[in-house]
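Student: Below is query24.csv; it holds CSV, C-alpha atoms.
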chain,number,residue,atom,x,y,z
A,1,MET,CA,20.8,13.9,-17.8
A,2,SER,CA,17.8,12.5,-19.7
A,3,GLU,CA,16.2,9.2,-18.9
A,4,ASN,CA,17.4,7.7,-22.1
A,5,SER,CA,21.0,8.9,-21.4
A,6,SER,CA,20.8,7.4,-17.9
A,7,VAL,CA,19.7,4.0,-19.3
A,8,ASP,CA,22.5,4.1,-21.8
A,9,LEU,CA,25.1,5.0,-19.2
A,10,ALA,CA,23.9,2.1,-17.0
A,11,ALA,CA,24.1,-0.3,-19.9
A,12,LEU,CA,27.7,0.9,-20.7
A,13,LEU,CA,28.7,0.5,-17.1
A,14,CYS,CA,27.3,-3.1,-17.1
A,15,SER,CA,29.3,-3.7,-20.3
A,16,ARG,CA,32.5,-2.6,-18.6
A,17,LEU,CA,31.8,-4.8,-15.7
A,18,CYS,CA,31.2,-7.8,-17.9
A,19,HIS,CA,34.3,-7.1,-20.0
A,20,ASP,CA,36.5,-7.0,-16.9
A,21,LEU,CA,35.0,-10.2,-15.4
A,22,LEU,CA,35.1,-12.2,-18.6
A,23,SER,CA,38.8,-13.2,-18.3
A,24,PRO,CA,38.8,-14.5,-14.7
A,25,VAL,CA,35.4,-16.2,-15.0
A,26,GLY,CA,36.6,-17.8,-18.3
A,27,ALA,CA,39.7,-19.0,-16.5
A,28,LEU,CA,37.4,-20.6,-13.9
A,29,SER,CA,35.5,-22.4,-16.6
A,30,ASN,CA,38.7,-23.7,-18.3
A,31,GLY,CA,40.1,-24.8,-14.9
A,32,LEU,CA,37.0,-26.8,-14.2
A,33,GLU,CA,37.1,-28.5,-17.6
A,34,LEU,CA,40.7,-29.5,-17.1
A,35,LEU,CA,40.0,-30.8,-13.6
A,36,ALA,CA,37.2,-33.0,-14.9
A,37,THR,CA,39.5,-34.8,-17.4
A,38,GLU,CA,42.9,-34.7,-15.7
A,39,THR,CA,44.1,-37.7,-13.7
A,40,ASP,CA,47.8,-36.7,-13.0
A,41,PRO,CA,48.0,-35.5,-9.3
A,42,ALA,CA,50.5,-32.7,-10.1
A,43,MET,CA,48.3,-31.4,-13.0
A,44,ARG,CA,45.2,-31.5,-10.8
A,45,GLN,CA,47.0,-29.5,-8.2
A,46,ASN,CA,47.9,-26.9,-10.9
A,47,CYS,CA,44.2,-26.8,-11.8
A,48,MET,CA,43.2,-26.2,-8.2
A,49,GLU,CA,45.6,-23.3,-7.9
A,50,LEU,CA,44.3,-21.8,-11.2
A,51,LEU,CA,40.7,-22.1,-9.8
A,52,GLU,CA,41.7,-20.5,-6.5
A,53,GLN,CA,43.4,-17.6,-8.2
A,54,SER,CA,40.6,-17.0,-10.7
A,55,ALA,CA,38.0,-17.2,-8.0
A,56,LEU,CA,39.9,-14.6,-5.9
A,57,VAL,CA,40.3,-12.2,-8.9
A,58,SER,CA,36.6,-12.6,-9.7
A,59,THR,CA,35.6,-11.9,-6.1
A,60,ASN,CA,37.8,-8.8,-5.9
A,61,LYS,CA,36.6,-7.4,-9.1
A,62,LEU,CA,33.0,-7.9,-8.0
A,63,LYS,CA,33.7,-6.1,-4.7
A,64,PHE,CA,35.4,-3.3,-6.6
A,65,PHE,CA,32.7,-2.7,-9.1
A,66,ARG,CA,29.9,-3.1,-6.5
A,67,LEU,CA,31.3,0.0,-4.7
A,68,ALA,CA,32.7,1.9,-7.8
A,69,PHE,CA,29.5,1.6,-9.8
A,70,GLY,CA,26.8,0.4,-7.6
A,71,ALA,CA,24.9,1.4,-4.4
A,72,ALA,CA,27.0,-0.8,-2.2
A,73,GLY,CA,24.2,-1.3,0.3
A,74,GLY,CA,26.5,-2.9,2.8
A,75,PHE,CA,27.8,0.5,3.7
A,76,GLY,CA,26.3,3.6,5.1
A,77,ASP,CA,26.9,7.2,4.0
A,78,ARG,CA,30.6,6.8,4.8
A,79,VAL,CA,33.0,4.0,3.9
A,80,PRO,CA,36.0,2.9,6.0
A,81,VAL,CA,39.2,3.8,4.1
A,82,GLU,CA,40.6,0.4,4.9
A,83,GLU,CA,37.9,-1.1,2.7
A,84,THR,CA,38.9,1.2,-0.1
A,85,ARG,CA,42.5,0.4,0.3
A,86,LYS,CA,41.8,-3.3,0.1
A,87,LEU,CA,39.9,-2.9,-3.1
A,88,ILE,CA,42.6,-0.8,-4.8
A,89,ASP,CA,45.4,-3.0,-3.5
A,90,ALA,CA,43.7,-6.0,-5.0
A,91,LEU,CA,43.2,-4.1,-8.3
A,92,VAL,CA,46.9,-3.3,-8.4
A,93,ALA,CA,48.0,-6.8,-7.4
A,94,ASP,CA,46.1,-8.2,-10.4
A,95,LYS,CA,48.0,-5.9,-12.8
A,96,GLY,CA,51.5,-6.3,-11.1
A,97,ARG,CA,54.6,-4.2,-11.4
A,98,ILE,CA,52.9,-1.2,-9.6
A,99,GLU,CA,53.9,0.1,-6.2
A,100,VAL,CA,51.2,1.9,-4.2
A,101,ASN,CA,51.9,4.7,-1.7
A,102,TRP,CA,49.0,5.9,0.5
A,103,SER,CA,48.4,9.1,2.3
A,104,LEU,CA,45.0,9.1,3.9
A,105,SER,CA,44.2,11.4,6.9
A,106,GLN,CA,40.6,10.2,7.4
A,107,SER,CA,39.4,6.9,8.9
A,108,ASN,CA,36.4,7.0,6.6
A,109,LEU,CA,35.3,8.8,3.5
A,110,PRO,CA,31.9,9.8,2.0
A,111,LYS,CA,30.6,7.2,-0.4
A,112,PRO,CA,30.7,9.6,-3.4
A,113,ALA,CA,34.4,10.3,-2.7
A,114,VAL,CA,35.1,6.6,-2.5
A,115,LYS,CA,33.4,6.1,-5.9
A,116,VAL,CA,35.6,8.8,-7.4
A,117,MET,CA,38.7,7.4,-5.8
A,118,LEU,CA,38.0,3.9,-7.1
A,119,ASN,CA,37.3,5.0,-10.6
A,120,PHE,CA,40.4,7.2,-10.5
A,121,ALA,CA,42.4,4.2,-9.4
A,122,GLN,CA,41.1,2.2,-12.3
A,123,ILE,CA,42.1,4.9,-14.8
A,124,ALA,CA,45.5,5.3,-13.1
A,125,VAL,CA,46.3,1.6,-13.1
A,126,ASP,CA,45.3,1.2,-16.7
A,127,SER,CA,47.6,4.1,-17.6
A,128,LEU,CA,50.7,2.4,-16.1
A,129,VAL,CA,51.1,-0.1,-19.0
A,130,ARG,CA,54.8,-0.8,-18.1
A,131,GLY,CA,54.3,-0.5,-14.3
A,132,GLY,CA,55.4,2.3,-12.0
A,133,THR,CA,54.2,4.0,-8.9
A,134,LEU,CA,50.7,5.0,-7.8
A,135,GLU,CA,50.4,7.6,-5.0
A,136,ILE,CA,47.0,8.1,-3.5
A,137,GLY,CA,46.0,10.8,-1.1
A,138,ALA,CA,42.7,12.1,0.4
A,139,GLU,CA,41.9,14.5,3.2
A,140,LEU,CA,39.0,16.6,4.5
A,141,ARG,CA,39.6,20.3,4.2
A,142,ASP,CA,37.2,23.2,4.6
A,143,GLY,CA,34.1,21.0,4.4
A,144,ALA,CA,35.2,19.2,1.2
A,145,THR,CA,37.0,15.9,0.5
A,146,GLU,CA,40.1,16.4,-1.6
A,147,ILE,CA,41.4,13.5,-3.6
A,148,VAL,CA,44.7,13.2,-5.5
A,149,LEU,CA,46.1,10.2,-7.4
A,150,ARG,CA,49.5,10.4,-9.2
A,151,ALA,CA,50.5,7.6,-11.5
A,152,SER,CA,54.2,7.8,-12.7
A,153,GLY,CA,56.1,5.4,-14.8
A,154,PRO,CA,58.2,4.9,-18.0
A,155,ARG,CA,55.1,5.0,-20.1
A,156,ILE,CA,51.7,6.7,-19.5
A,157,ALA,CA,48.7,5.6,-21.6
A,158,PHE,CA,45.9,8.1,-21.3
A,159,ASP,CA,43.4,8.7,-24.1
A,160,GLU,CA,42.3,12.3,-24.6
A,161,VAL,CA,38.7,11.0,-24.9
A,162,LEU,CA,38.9,9.9,-21.2
A,163,GLY,CA,39.9,13.5,-20.3
A,164,LEU,CA,36.9,14.8,-22.2
A,165,ALA,CA,34.6,12.4,-20.2
A,166,LEU,CA,36.2,13.5,-16.9
A,167,GLU,CA,35.5,17.1,-17.8
A,168,GLY,CA,31.9,16.4,-19.0
A,169,ARG,CA,32.8,17.5,-22.5
A,170,LEU,CA,32.0,14.2,-24.2
A,171,ASP,CA,28.6,13.9,-25.7
A,172,PRO,CA,26.6,11.1,-24.1
A,173,GLY,CA,26.0,9.6,-27.5
A,174,GLU,CA,29.8,9.2,-27.9
A,175,LEU,CA,30.3,7.3,-24.7
A,176,SER,CA,31.7,3.8,-24.7
A,177,SER,CA,32.1,1.1,-22.0
A,178,ARG,CA,35.7,2.5,-21.5
A,179,THR,CA,34.7,6.1,-21.0
A,180,ALA,CA,31.4,5.6,-19.2
A,181,PRO,CA,33.0,5.3,-15.7
A,182,ALA,CA,34.8,8.7,-16.2
A,183,HIS,CA,31.5,10.3,-17.3
A,184,MET,CA,29.7,8.8,-14.3
A,185,ILE,CA,32.1,10.3,-11.8
A,186,TYR,CA,31.9,13.6,-13.6
A,187,LEU,CA,28.2,13.6,-13.0
A,188,LEU,CA,28.7,12.5,-9.4
A,189,ALA,CA,31.2,15.3,-8.7
A,190,LYS,CA,28.8,17.8,-10.4
A,191,GLN,CA,25.9,16.5,-8.2
A,192,CYS,CA,28.0,17.1,-5.1
A,193,GLY,CA,28.9,20.6,-6.2
A,194,GLY,CA,32.5,19.7,-6.8
A,195,GLY,CA,34.7,19.0,-9.8
A,196,LEU,CA,37.4,16.8,-11.3
A,197,GLN,CA,40.8,17.7,-12.7
A,198,PHE,CA,43.6,15.9,-14.5
A,199,ALA,CA,47.1,16.7,-15.8
A,200,ARG,CA,49.3,14.5,-18.0
A,201,SER,CA,53.0,14.7,-18.7
A,202,GLU,CA,55.3,12.3,-20.4
A,203,ASP,CA,55.9,10.2,-17.3
A,204,ALA,CA,53.0,11.0,-15.0
A,205,LEU,CA,49.2,11.3,-14.8
A,206,VAL,CA,47.6,13.3,-12.0
A,207,LEU,CA,43.9,13.0,-11.2
A,208,GLY,CA,42.3,15.2,-8.7
A,209,ALA,CA,38.8,15.9,-7.2
A,210,VAL,CA,37.3,18.3,-4.7
A,211,LEU,CA,33.9,17.1,-3.4
A,212,PRO,CA,32.0,19.2,-0.9
A,213,GLU,CA,30.3,17.2,1.9
A,214,PRO,CA,26.7,16.8,0.7
A,215,GLU,CA,23.9,17.4,3.2
A,216,GLY,CA,22.3,14.2,2.1
A,217,MET,CA,24.7,11.5,1.0
A,218,ILE,CA,24.1,9.8,-2.3
A,219,GLY,CA,24.7,6.1,-2.9
Produce structure tokens that represent the structure in this file.
Tutor:
Amino acid sequence: MSENSSVDLAALLCSRLCHDLLSPVGALSNGLELLATETDPAMRQNCMELLEQSALVSTNKLKFFRLAFGAAGGFGDRVPVEETRKLIDALVADKGRIEVNWSLSQSNLPKPAVKVMLNFAQIAVDSLVRGGTLEIGAELRDGATEIVLRASGPRIAFDEVLGLALEGRLDPGELSSRTAPAHMIYLLAKQCGGGLQFARSEDALVLGAVLPEPEGMIG
């Protein structure tokens, strides 16, 4: 990937982060404005609840993107699966109407695998526009981390352009803030010597990855 392409990808990832944070941060601003002018005790309590909820959503999103996109310096080469579960559970809770089932055989995962899992989860959750079930599994087998996410529901929304980005078949010049995360994890998997797969049916989307354990972990 060229230097210019790397800069463009970083800019697109920042745009995605800002887009996703705009709503909860905007709600914080609105809540503070209401609180400054409202005198009714019941309405002030409602404002406080709005502020608490918006602050929680903003914090969870920042934690999610810090690990999904960034170096996440607070962790070493491996990340506890419990931390990953908390981030994805918070992502799902913000969307609502989605049940999550977990199957994780490891107590921790390599950081590249966690980045792939988090970005897969974002894609899967976005695909469940009418709610449904999200099944997440990961295990270490033959020196590689295998990850599978299956989103199933009454309607699956998955743009073919995202599939092209996951397969590395989307020209960097055609990337957008929506497809940049998929392209990023394609590059990450390629750097690890692994690969990504996906399959879509009328009522399900399956995302999979095989990532060999790298000798030197990347962050």
Student: If you take all atoms listed in the file and a cut-off of 12 Å, which residues of region 119-138 of chain A touch region 78-81 of chain A, and what are their nearest atom pairs and distances in Å to one decimal, in chain and number order, as JSON lines?
Tutor:
{"residue": "A:Ile136", "atom": "CA", "partner": "A:Val81", "partner_atom": "CA", "distance": 11.7}
{"residue": "A:Gly137", "atom": "CA", "partner": "A:Val81", "partner_atom": "CA", "distance": 11.1}
{"residue": "A:Ala138", "atom": "CA", "partner": "A:Val81", "partner_atom": "CA", "distance": 9.7}
Student: Every residue with an atom at most 9 Å from (39.4, 15.1, -3.4) (file coordinates; only C-alpha atoms) is what I'm after, so could you write them as a list in words?
Tutor: Ala113, Val116, Met117, Gly137, Ala138, Glu139, Leu140, Ala144, Thr145, Glu146, Ile147, Val148, Gly194, Gly195, Leu196, Gly208, Ala209, Val210, Leu211 and Pro212 of chain A
Student: Using only C-alpha atoms, pick whichever of A:Val100, A:Leu35, A:Leu13, A:Met48 has the shortest atom-to-atom distance to Gly132 (chain A).
Tutor: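 Using only C-alpha atoms, Gly132 (chain A) sits closest to A:Val100.
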Student: Could you check how far CA of Pro24 (chain A) sits from CA of Gln53 (chain A), in Å to one decimal?
Tutor: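 CA of Gln53 (chain A) lies 8.5 Å from CA of Pro24 (chain A).
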Student: For the atom pair CA of Gly131 (chain A) and CA of Phe158 (chain A), what is the interatomic distance in Å to one decimal place?
Tutor: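 Atom-to-atom, CA of Gly131 (chain A) to CA of Phe158 (chain A), that is 13.9 Å.
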Student: CA of Ala93 (chain A) and CA of Asn60 (chain A) are how many Å apart?
Tutor: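 Between CA of Ala93 (chain A) and CA of Asn60 (chain A) the gap is 10.5 Å.
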Student: Got a sec: who's within 12 Å of Gly31 (chain A), counting all atoms listed in the file, leaving out chain neighbours fewer than 3 positions off, as a tab-separated table (two decimals) with C-alpha atoms, in the coordinates of the input?
Tutor:
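As written to disk, out-v3.tsv reads:
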chain	number	residue	atom	x	y	z
A	24	PRO	CA	38.80	-14.50	-14.70
A	25	VAL	CA	35.40	-16.20	-15.00
A	26	GLY	CA	36.60	-17.80	-18.30
A	27	ALA	CA	39.70	-19.00	-16.50
A	28	LEU	CA	37.40	-20.60	-13.90
A	34	LEU	CA	40.70	-29.50	-17.10
A	35	LEU	CA	40.00	-30.80	-13.60
A	36	ALA	CA	37.20	-33.00	-14.90
A	37	THR	CA	39.50	-34.80	-17.40
A	38	GLU	CA	42.90	-34.70	-15.70
A	43	MET	CA	48.30	-31.40	-13.00
A	44	ARG	CA	45.20	-31.50	-10.80
A	45	GLN	CA	47.00	-29.50	-8.20
A	46	ASN	CA	47.90	-26.90	-10.90
A	47	CYS	CA	44.20	-26.80	-11.80
A	48	MET	CA	43.20	-26.20	-8.20
A	49	GLU	CA	45.60	-23.30	-7.90
A	50	LEU	CA	44.30	-21.80	-11.20
A	51	LEU	CA	40.70	-22.10	-9.80
A	52	GLU	CA	41.70	-20.50	-6.50
A	53	GLN	CA	43.40	-17.60	-8.20
A	54	SER	CA	40.60	-17.00	-10.70
A	55	ALA	CA	38.00	-17.20	-8.00
Student: Restricting the calculation to all atoms listed in the file: of A:Asn119, A:Ser103, A:Thr39, A:Ser6, which residue gets closest to Ala68 (chain A)?
Tutor: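 The closest residue to Ala68 (chain A) is A:Asn119.
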Student: So which one's closest to Trp102 (chain A), A:Val114, A:Leu170, A:Ile88, A:Leu22? Using only C-alpha atoms, please.
Tutor: A:Ile88
Student: Counting all atoms listed in the file, note down every residue that has an atom within 10 Å of the point (48.7, 11.4, -10.9) (file coordinates), as a VMD selection string.
Tutor: chain A and resid 120 to 121 124 127 133 to 136 148 to 152 198 to 201 203 to 208
Student: Dump C-alpha atoms for the selected residues as a compact mmCIF listing (two decimals), in the coordinates of the input?
Tutor:
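Listed below is the output, result_20.txt:
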# COMPACT_ATOMS: atom_id res chain seq x y z
CA PHE A 120 40.40 7.20 -10.50
CA ALA A 121 42.40 4.20 -9.40
CA ALA A 124 45.50 5.30 -13.10
CA SER A 127 47.60 4.10 -17.60
CA THR A 133 54.20 4.00 -8.90
CA LEU A 134 50.70 5.00 -7.80
CA GLU A 135 50.40 7.60 -5.00
CA ILE A 136 47.00 8.10 -3.50
CA VAL A 148 44.70 13.20 -5.50
CA LEU A 149 46.10 10.20 -7.40
CA ARG A 150 49.50 10.40 -9.20
CA ALA A 151 50.50 7.60 -11.50
CA SER A 152 54.20 7.80 -12.70
CA PHE A 198 43.60 15.90 -14.50
CA ALA A 199 47.10 16.70 -15.80
CA ARG A 200 49.30 14.50 -18.00
CA SER A 201 53.00 14.70 -18.70
CA ASP A 203 55.90 10.20 -17.30
CA ALA A 204 53.00 11.00 -15.00
CA LEU A 205 49.20 11.30 -14.80
CA VAL A 206 47.60 13.30 -12.00
CA LEU A 207 43.90 13.00 -11.20
CA GLY A 208 42.30 15.20 -8.70
Student: Which residue gives the smallest distance to Leu87 (chain A) among A:Phe75, A:Glu99, A:Ser107, A:Val57, with all atoms listed in the file counted?
Tutor: A:Val57
Student: Name all residues at most 10 Å from Glu83 (chain A) (count only C-alpha atoms; drop same-chain ones fewer than 5 positions away) and give them as a tab-separated table (two decimals) with C-alpha atoms, in the coordinates of the input.
Tutor:
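Writing the result to out.tsv gives the following:
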chain	number	residue	atom	x	y	z
A	63	LYS	CA	33.70	-6.10	-4.70
A	64	PHE	CA	35.40	-3.30	-6.60
A	67	LEU	CA	31.30	0.00	-4.70
A	88	ILE	CA	42.60	-0.80	-4.80
A	89	ASP	CA	45.40	-3.00	-3.50
A	108	ASN	CA	36.40	7.00	6.60
A	114	VAL	CA	35.10	6.60	-2.50
Student: Using all atoms listed in the file, pick whichever of A:Asp126, A:Asp77, A:Glu33, A:Glu167 has the shortest atom-to-atom distance to Lys111 (chain A).
Tutor: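 Going through A:Asp126, A:Asp77, A:Glu33, A:Glu167 one by one, the smallest distance to Lys111 (chain A) is for A:Asp77.
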